[in-house]
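A.B. asks: Let me begin by handing over the structure; questions about it come next.
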Amino acid sequence: METFAEAQSVFGCSPTVHSYNALLDAYSKVGETVQAFQAFEDMKNRGFIPNKTTFSSLILTCVNDGDCDRAVTILKTVRENPDLIQSGSVYSALIKKAVRLKRGELVSELIRLHKKDVGELTNDTKLYIKRGWVDYNDLTANTYKLKETRTNNINNTTISRY
């Protein structure tokens with residue numbers, strides 16, 4: 001990548017897995033998905049071994065871009081290596097995005113993976129899910145109906161449809 005070539009010529013330092021991770025994180029935060037994956041490919045081509053942080057950044061890049069399917073593909077791939085199993089915060093971000101996109105089956109799958117890899121969901125994630133679902137208790141019964149709520153402007157009542 002030009003970024004690292006310039007740094008090497010100016011500062012005399014070579015890129016590391018950590019500098020690539022910082023770059024991936026920066027691309028994720030500014031929504032530059034294509035550049036993030038180009039940097040990831042460059043990283044691998046230079047012989048660096050991606051670590052847990054690398055994959056967290058890629059997953060969150062996909063989440064920020066709204067590409068939950070790509071994020072889940074990466075998540076499932078890294079789950080094969082116990083050293084790369086993602087943290088609860090990565091799962092939570094992905095679950096919350098899937099809830100916002102009303103992807104019921106995906107949320108169900110992510111909750112199952114979260115519980116297997118990390119353990120119980122955080123209260124924050126449970127509350128977020130509860131706001132978008134019929135009832136959090138239904139999650140254990142595998143009933144996943146999205147709740148659509150709207151406010152009646154005439155008398156300010158809330159109507160829920162399932």
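In the structure tokens, each chain is lettered A, B, ... as it comes, each chain's residues begin at 1, and ligands are numbered from 1 in order of appearance.
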Do a neighbour search on A:Thr16 at 9 Å with only C-alpha atoms, toss out local chain neighbours closer than 5 positions, and write the hits as JSON, numbers by chain.

C.D. replies: {"A": [21, 43, 48]}

A.B. asks: Save out the residues we just selected, all heavy atoms, as a PDB file, in the first residue's frame.

C.D. replies:
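Written output follows (out32.pdb):
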ATOM      1  N   ASN A  21      -3.705  -3.214  11.486  1.00  0.00           N
ATOM      2  CA  ASN A  21      -4.932  -3.213  12.284  1.00  0.00           C
ATOM      3  C   ASN A  21      -5.422  -1.793  12.540  1.00  0.00           C
ATOM      4  O   ASN A  21      -6.625  -1.525  12.492  1.00  0.00           O
ATOM      5  CB  ASN A  21      -4.719  -3.953  13.602  1.00  0.00           C
ATOM      6  CG  ASN A  21      -4.640  -5.449  13.411  1.00  0.00           C
ATOM      7  OD1 ASN A  21      -5.036  -5.984  12.382  1.00  0.00           O
ATOM      8  ND2 ASN A  21      -4.106  -6.135  14.403  1.00  0.00           N
ATOM      9  N   MET A  43      -2.056  -6.795   3.423  1.00  0.00           N
ATOM     10  CA  MET A  43      -1.471  -7.337   4.646  1.00  0.00           C
ATOM     11  C   MET A  43      -1.114  -8.812   4.465  1.00  0.00           C
ATOM     12  O   MET A  43      -0.009  -9.246   4.785  1.00  0.00           O
ATOM     13  CB  MET A  43      -2.473  -7.163   5.795  1.00  0.00           C
ATOM     14  CG  MET A  43      -2.092  -7.773   7.090  1.00  0.00           C
ATOM     15  SD  MET A  43      -3.479  -7.579   8.242  1.00  0.00           S
ATOM     16  CE  MET A  43      -2.810  -8.377   9.657  1.00  0.00           C
ATOM     17  N   PHE A  48       1.862 -11.021   6.529  1.00  0.00           N
ATOM     18  CA  PHE A  48       1.414 -10.819   7.908  1.00  0.00           C
ATOM     19  C   PHE A  48       0.238 -11.742   8.195  1.00  0.00           C
ATOM     20  O   PHE A  48      -0.621 -11.954   7.340  1.00  0.00           O
ATOM     21  CB  PHE A  48       0.995  -9.368   8.145  1.00  0.00           C
ATOM     22  CG  PHE A  48       2.134  -8.404   8.070  1.00  0.00           C
ATOM     23  CD1 PHE A  48       2.296  -7.581   6.970  1.00  0.00           C
ATOM     24  CD2 PHE A  48       3.067  -8.325   9.109  1.00  0.00           C
ATOM     25  CE1 PHE A  48       3.359  -6.696   6.899  1.00  0.00           C
ATOM     26  CE2 PHE A  48       4.131  -7.443   9.036  1.00  0.00           C
ATOM     27  CZ  PHE A  48       4.274  -6.623   7.932  1.00  0.00           C
TER      28      PHE A  48
END

A.B. asks: Please, which residues in stretch 26-50 of chain A fall within 12 Å of stretch 63-79 of chain A when counting only C-alpha atoms, and what is the closest atom pair and distance in Å to one decimal for each, ordered by chain then residue number, as a Markdown table?

C.D. replies:
| residue | atom | partner | partner_atom | distance |
| --- | --- | --- | --- | --- |
| A:Tyr27 | CA | A:Asn64 | CA | 10.5 |
| A:Ser28 | CA | A:Asn64 | CA | 7.2 |
| A:Lys29 | CA | A:Asn64 | CA | 7.9 |
| A:Val30 | CA | A:Asn64 | CA | 9.1 |
| A:Gly31 | CA | A:Asp65 | CA | 6.5 |
| A:Glu32 | CA | A:Asp65 | CA | 8.5 |
| A:Thr33 | CA | A:Asp65 | CA | 7.0 |
| A:Val34 | CA | A:Asp65 | CA | 10.2 |
| A:Ala36 | CA | A:Asp65 | CA | 11.4 |
| A:Phe37 | CA | A:Arg70 | CA | 11.7 |
| A:Pro50 | CA | A:Val78 | CA | 10.3 |

A.B. asks: Can I get the selected residues back with all heavy atoms, as a JSON list (two decimals), in the first residue's frame?

C.D. replies:
[["chain", "number", "residue", "atom", "x", "y", "z"],
["A", 27, "TYR", "N", -10.29, 2.77, 8.58],
["A", 27, "TYR", "CA", -11.18, 2.61, 7.44],
["A", 27, "TYR", "C", -12.59, 2.23, 7.89],
["A", 27, "TYR", "O", -13.58, 2.71, 7.34],
["A", 27, "TYR", "CB", -10.65, 1.55, 6.48],
["A", 27, "TYR", "CG", -9.53, 2.02, 5.58],
["A", 27, "TYR", "CD1", -8.46, 1.17, 5.27],
["A", 27, "TYR", "CD2", -9.52, 3.29, 5.01],
["A", 27, "TYR", "CE1", -7.43, 1.58, 4.43],
["A", 27, "TYR", "CE2", -8.50, 3.71, 4.17],
["A", 27, "TYR", "CZ", -7.46, 2.85, 3.89],
["A", 27, "TYR", "OH", -6.45, 3.26, 3.06],
["A", 28, "SER", "N", -12.69, 1.38, 8.90],
["A", 28, "SER", "CA", -13.98, 0.97, 9.42],
["A", 28, "SER", "C", -14.76, 2.17, 9.95],
["A", 28, "SER", "O", -15.94, 2.33, 9.68],
["A", 28, "SER", "CB", -13.80, -0.07, 10.53],
["A", 28, "SER", "OG", -15.03, -0.37, 11.13],
["A", 29, "LYS", "N", -14.07, 3.01, 10.69],
["A", 29, "LYS", "CA", -14.74, 4.15, 11.33],
["A", 29, "LYS", "C", -15.22, 5.20, 10.34],
["A", 29, "LYS", "O", -16.17, 5.91, 10.62],
["A", 29, "LYS", "CB", -13.81, 4.78, 12.37],
["A", 29, "LYS", "CG", -13.65, 3.90, 13.59],
["A", 29, "LYS", "CD", -12.73, 4.48, 14.62],
["A", 29, "LYS", "CE", -12.66, 3.54, 15.81],
["A", 29, "LYS", "NZ", -11.67, 3.93, 16.77],
["A", 30, "VAL", "N", -14.55, 5.29, 9.19],
["A", 30, "VAL", "CA", -14.98, 6.29, 8.20],
["A", 30, "VAL", "C", -15.77, 5.68, 7.05],
["A", 30, "VAL", "O", -16.08, 6.35, 6.08],
["A", 30, "VAL", "CB", -13.78, 7.12, 7.65],
["A", 30, "VAL", "CG1", -13.13, 7.91, 8.76],
["A", 30, "VAL", "CG2", -12.77, 6.24, 6.94],
["A", 31, "GLY", "N", -16.10, 4.39, 7.17],
["A", 31, "GLY", "CA", -16.95, 3.75, 6.19],
["A", 31, "GLY", "C", -16.30, 3.42, 4.86],
["A", 31, "GLY", "O", -16.97, 3.32, 3.85],
["A", 32, "GLU", "N", -15.01, 3.22, 4.87],
["A", 32, "GLU", "CA", -14.26, 2.90, 3.64],
["A", 32, "GLU", "C", -14.07, 1.38, 3.54],
["A", 32, "GLU", "O", -12.97, 0.86, 3.74],
["A", 32, "GLU", "CB", -12.92, 3.63, 3.63],
["A", 32, "GLU", "CG", -13.05, 5.14, 3.61],
["A", 32, "GLU", "CD", -13.61, 5.67, 2.30],
["A", 32, "GLU", "OE1", -13.65, 4.92, 1.30],
["A", 32, "GLU", "OE2", -14.02, 6.83, 2.28],
["A", 33, "THR", "N", -15.14, 0.69, 3.21],
["A", 33, "THR", "CA", -15.13, -0.77, 3.18],
["A", 33, "THR", "C", -14.17, -1.33, 2.13],
["A", 33, "THR", "O", -13.40, -2.26, 2.41],
["A", 33, "THR", "CB", -16.55, -1.30, 2.91],
["A", 33, "THR", "OG1", -17.43, -0.75, 3.91],
["A", 33, "THR", "CG2", -16.62, -2.81, 2.95],
["A", 34, "VAL", "N", -14.20, -0.77, 0.94],
["A", 34, "VAL", "CA", -13.34, -1.27, -0.14],
["A", 34, "VAL", "C", -11.88, -1.13, 0.25],
["A", 34, "VAL", "O", -11.08, -2.05, 0.11],
["A", 34, "VAL", "CB", -13.64, -0.53, -1.46],
["A", 34, "VAL", "CG1", -12.62, -0.91, -2.54],
["A", 34, "VAL", "CG2", -15.05, -0.84, -1.94],
["A", 36, "ALA", "N", -10.63, -0.94, 3.23],
["A", 36, "ALA", "CA", -10.32, -1.84, 4.35],
["A", 36, "ALA", "C", -9.98, -3.23, 3.83],
["A", 36, "ALA", "O", -8.99, -3.83, 4.26],
["A", 36, "ALA", "CB", -11.50, -1.91, 5.32],
["A", 37, "PHE", "N", -10.76, -3.72, 2.89],
["A", 37, "PHE", "CA", -10.49, -5.06, 2.37],
["A", 37, "PHE", "C", -9.25, -5.07, 1.46],
["A", 37, "PHE", "O", -8.55, -6.08, 1.40],
["A", 37, "PHE", "CB", -11.72, -5.65, 1.68],
["A", 37, "PHE", "CG", -12.69, -6.23, 2.68],
["A", 37, "PHE", "CD1", -13.71, -5.46, 3.21],
["A", 37, "PHE", "CD2", -12.55, -7.53, 3.12],
["A", 37, "PHE", "CE1", -14.57, -5.99, 4.16],
["A", 37, "PHE", "CE2", -13.41, -8.06, 4.07],
["A", 37, "PHE", "CZ", -14.42, -7.29, 4.59],
["A", 50, "PRO", "N", -3.14, -12.32, 9.98],
["A", 50, "PRO", "CA", -4.22, -11.58, 10.64],
["A", 50, "PRO", "C", -4.50, -12.15, 12.03],
["A", 50, "PRO", "O", -4.41, -13.36, 12.24],
["A", 50, "PRO", "CB", -5.42, -11.78, 9.72],
["A", 50, "PRO", "CG", -4.85, -12.25, 8.42],
["A", 50, "PRO", "CD", -3.57, -12.95, 8.75]]

A.B. asks: To test your reading of the structure, identify every residue in stretch 34-105 of chain A that backbone DSSP assigns to alpha helix (DSSP H), and report it as a PyMOL selection string.

C.D. replies: chain A and resi 34-45+52-65+68-78+88-100+104-105

A.B. asks: Record the distance separating atom CA of A:Lys52 and atom CA of A:Leu84, expressed in Å with one decimal.

C.D. replies: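 These two atoms are separated by 4.7 Å.
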
A.B. asks: Residues at most 12 Å from A:Gly119, counting only C-alpha atoms, excluding those fewer than 6 positions away in the same chain, as a list in words?

C.D. replies: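 Counting only the stated atoms, we get Gln86, Ser87, Gly88, Ser89, Tyr91, Ser92, Leu110, Ile111, Arg112 and Leu113 of chain A.
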
A.B. asks: Those residues with all heavy atoms, as an mmCIF file, in the first residue's frame please?

C.D. replies:
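Dumped to again.cif:
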data_model
loop_
_atom_site.group_PDB
_atom_site.id
_atom_site.type_symbol
_atom_site.label_atom_id
_atom_site.label_comp_id
_atom_site.auth_asym_id
_atom_site.auth_seq_id
_atom_site.Cartn_x
_atom_site.Cartn_y
_atom_site.Cartn_z
ATOM 1 N N GLN A 86 -14.349 -14.108 18.480
ATOM 2 C CA GLN A 86 -14.560 -12.688 18.700
ATOM 3 C C GLN A 86 -15.167 -12.396 20.076
ATOM 4 O O GLN A 86 -15.783 -13.233 20.705
ATOM 5 C CB GLN A 86 -15.464 -12.128 17.602
ATOM 6 C CG GLN A 86 -14.838 -12.241 16.232
ATOM 7 C CD GLN A 86 -13.534 -11.476 16.131
ATOM 8 O OE1 GLN A 86 -13.492 -10.274 16.336
ATOM 9 N NE2 GLN A 86 -12.451 -12.164 15.822
ATOM 10 N N SER A 87 -15.001 -11.161 20.484
ATOM 11 C CA SER A 87 -15.495 -10.718 21.783
ATOM 12 C C SER A 87 -17.003 -10.469 21.723
ATOM 13 O O SER A 87 -17.593 -10.369 20.657
ATOM 14 C CB SER A 87 -14.789 -9.422 22.193
ATOM 15 O OG SER A 87 -15.179 -8.371 21.324
ATOM 16 N N GLY A 88 -17.577 -10.332 22.891
ATOM 17 C CA GLY A 88 -18.998 -10.041 22.983
ATOM 18 C C GLY A 88 -19.371 -8.740 22.315
ATOM 19 O O GLY A 88 -20.460 -8.600 21.762
ATOM 20 N N SER A 89 -18.459 -7.758 22.326
ATOM 21 C CA SER A 89 -18.779 -6.459 21.731
ATOM 22 C C SER A 89 -18.933 -6.562 20.213
ATOM 23 O O SER A 89 -19.766 -5.875 19.621
ATOM 24 C CB SER A 89 -17.717 -5.414 22.091
ATOM 25 O OG SER A 89 -16.454 -5.798 21.598
ATOM 26 N N TYR A 91 -19.965 -9.336 18.594
ATOM 27 C CA TYR A 91 -21.262 -9.985 18.422
ATOM 28 C C TYR A 91 -22.398 -8.992 18.662
ATOM 29 O O TYR A 91 -23.361 -8.952 17.904
ATOM 30 C CB TYR A 91 -21.415 -11.159 19.397
ATOM 31 C CG TYR A 91 -20.796 -12.442 18.931
ATOM 32 C CD1 TYR A 91 -19.532 -12.820 19.353
ATOM 33 C CD2 TYR A 91 -21.481 -13.288 18.075
ATOM 34 C CE1 TYR A 91 -18.962 -14.015 18.935
ATOM 35 C CE2 TYR A 91 -20.926 -14.482 17.655
ATOM 36 C CZ TYR A 91 -19.665 -14.839 18.092
ATOM 37 O OH TYR A 91 -19.112 -16.012 17.671
ATOM 38 N N SER A 92 -22.293 -8.203 19.720
ATOM 39 C CA SER A 92 -23.355 -7.251 20.054
ATOM 40 C C SER A 92 -23.575 -6.243 18.927
ATOM 41 O O SER A 92 -24.716 -5.937 18.578
ATOM 42 C CB SER A 92 -23.032 -6.519 21.351
ATOM 43 O OG SER A 92 -23.063 -7.418 22.429
ATOM 44 N N LEU A 110 -27.096 -15.383 15.291
ATOM 45 C CA LEU A 110 -26.044 -14.668 16.013
ATOM 46 C C LEU A 110 -26.162 -14.847 17.526
ATOM 47 O O LEU A 110 -25.152 -14.961 18.220
ATOM 48 C CB LEU A 110 -26.062 -13.187 15.653
ATOM 49 C CG LEU A 110 -25.608 -12.871 14.234
ATOM 50 C CD1 LEU A 110 -25.936 -11.434 13.873
ATOM 51 C CD2 LEU A 110 -24.121 -13.148 14.087
ATOM 52 N N ILE A 111 -27.385 -14.859 18.022
ATOM 53 C CA ILE A 111 -27.588 -15.087 19.455
ATOM 54 C C ILE A 111 -27.079 -16.475 19.835
ATOM 55 O O ILE A 111 -26.396 -16.653 20.839
ATOM 56 C CB ILE A 111 -29.069 -14.902 19.839
ATOM 57 C CG1 ILE A 111 -29.450 -13.424 19.734
ATOM 58 C CG2 ILE A 111 -29.354 -15.437 21.242
ATOM 59 C CD1 ILE A 111 -30.929 -13.158 19.848
ATOM 60 N N ARG A 112 -27.391 -17.463 18.993
ATOM 61 C CA ARG A 112 -26.932 -18.827 19.248
ATOM 62 C C ARG A 112 -25.406 -18.880 19.262
ATOM 63 O O ARG A 112 -24.801 -19.463 20.169
ATOM 64 C CB ARG A 112 -27.499 -19.769 18.188
ATOM 65 C CG ARG A 112 -27.138 -21.227 18.404
ATOM 66 C CD ARG A 112 -27.643 -22.110 17.267
ATOM 67 N NE ARG A 112 -27.152 -21.730 15.952
ATOM 68 C CZ ARG A 112 -25.905 -21.968 15.511
ATOM 69 N NH1 ARG A 112 -25.048 -22.586 16.279
ATOM 70 N NH2 ARG A 112 -25.544 -21.597 14.301
ATOM 71 N N LEU A 113 -24.761 -18.249 18.279
ATOM 72 C CA LEU A 113 -23.297 -18.242 18.214
ATOM 73 C C LEU A 113 -22.697 -17.494 19.403
ATOM 74 O O LEU A 113 -21.687 -17.918 19.967
ATOM 75 C CB LEU A 113 -22.825 -17.605 16.901
ATOM 76 C CG LEU A 113 -23.140 -18.371 15.625
ATOM 77 C CD1 LEU A 113 -22.732 -17.552 14.409
ATOM 78 C CD2 LEU A 113 -22.473 -19.726 15.618
#

A.B. asks: Quick one: pull the distance between atom CA of A:His18 and atom CA of A:Asn51, Å, one decimal.

C.D. replies: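 One can read the atom CA of A:His18 to atom CA of A:Asn51 distance as 9.3 Å.
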
A.B. asks: Using atom CA of A:Gln38 and atom CA of A:Pro15 as the two end points, give the distance in Å to one decimal.

C.D. replies: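 These two atoms are separated by 15.0 Å.
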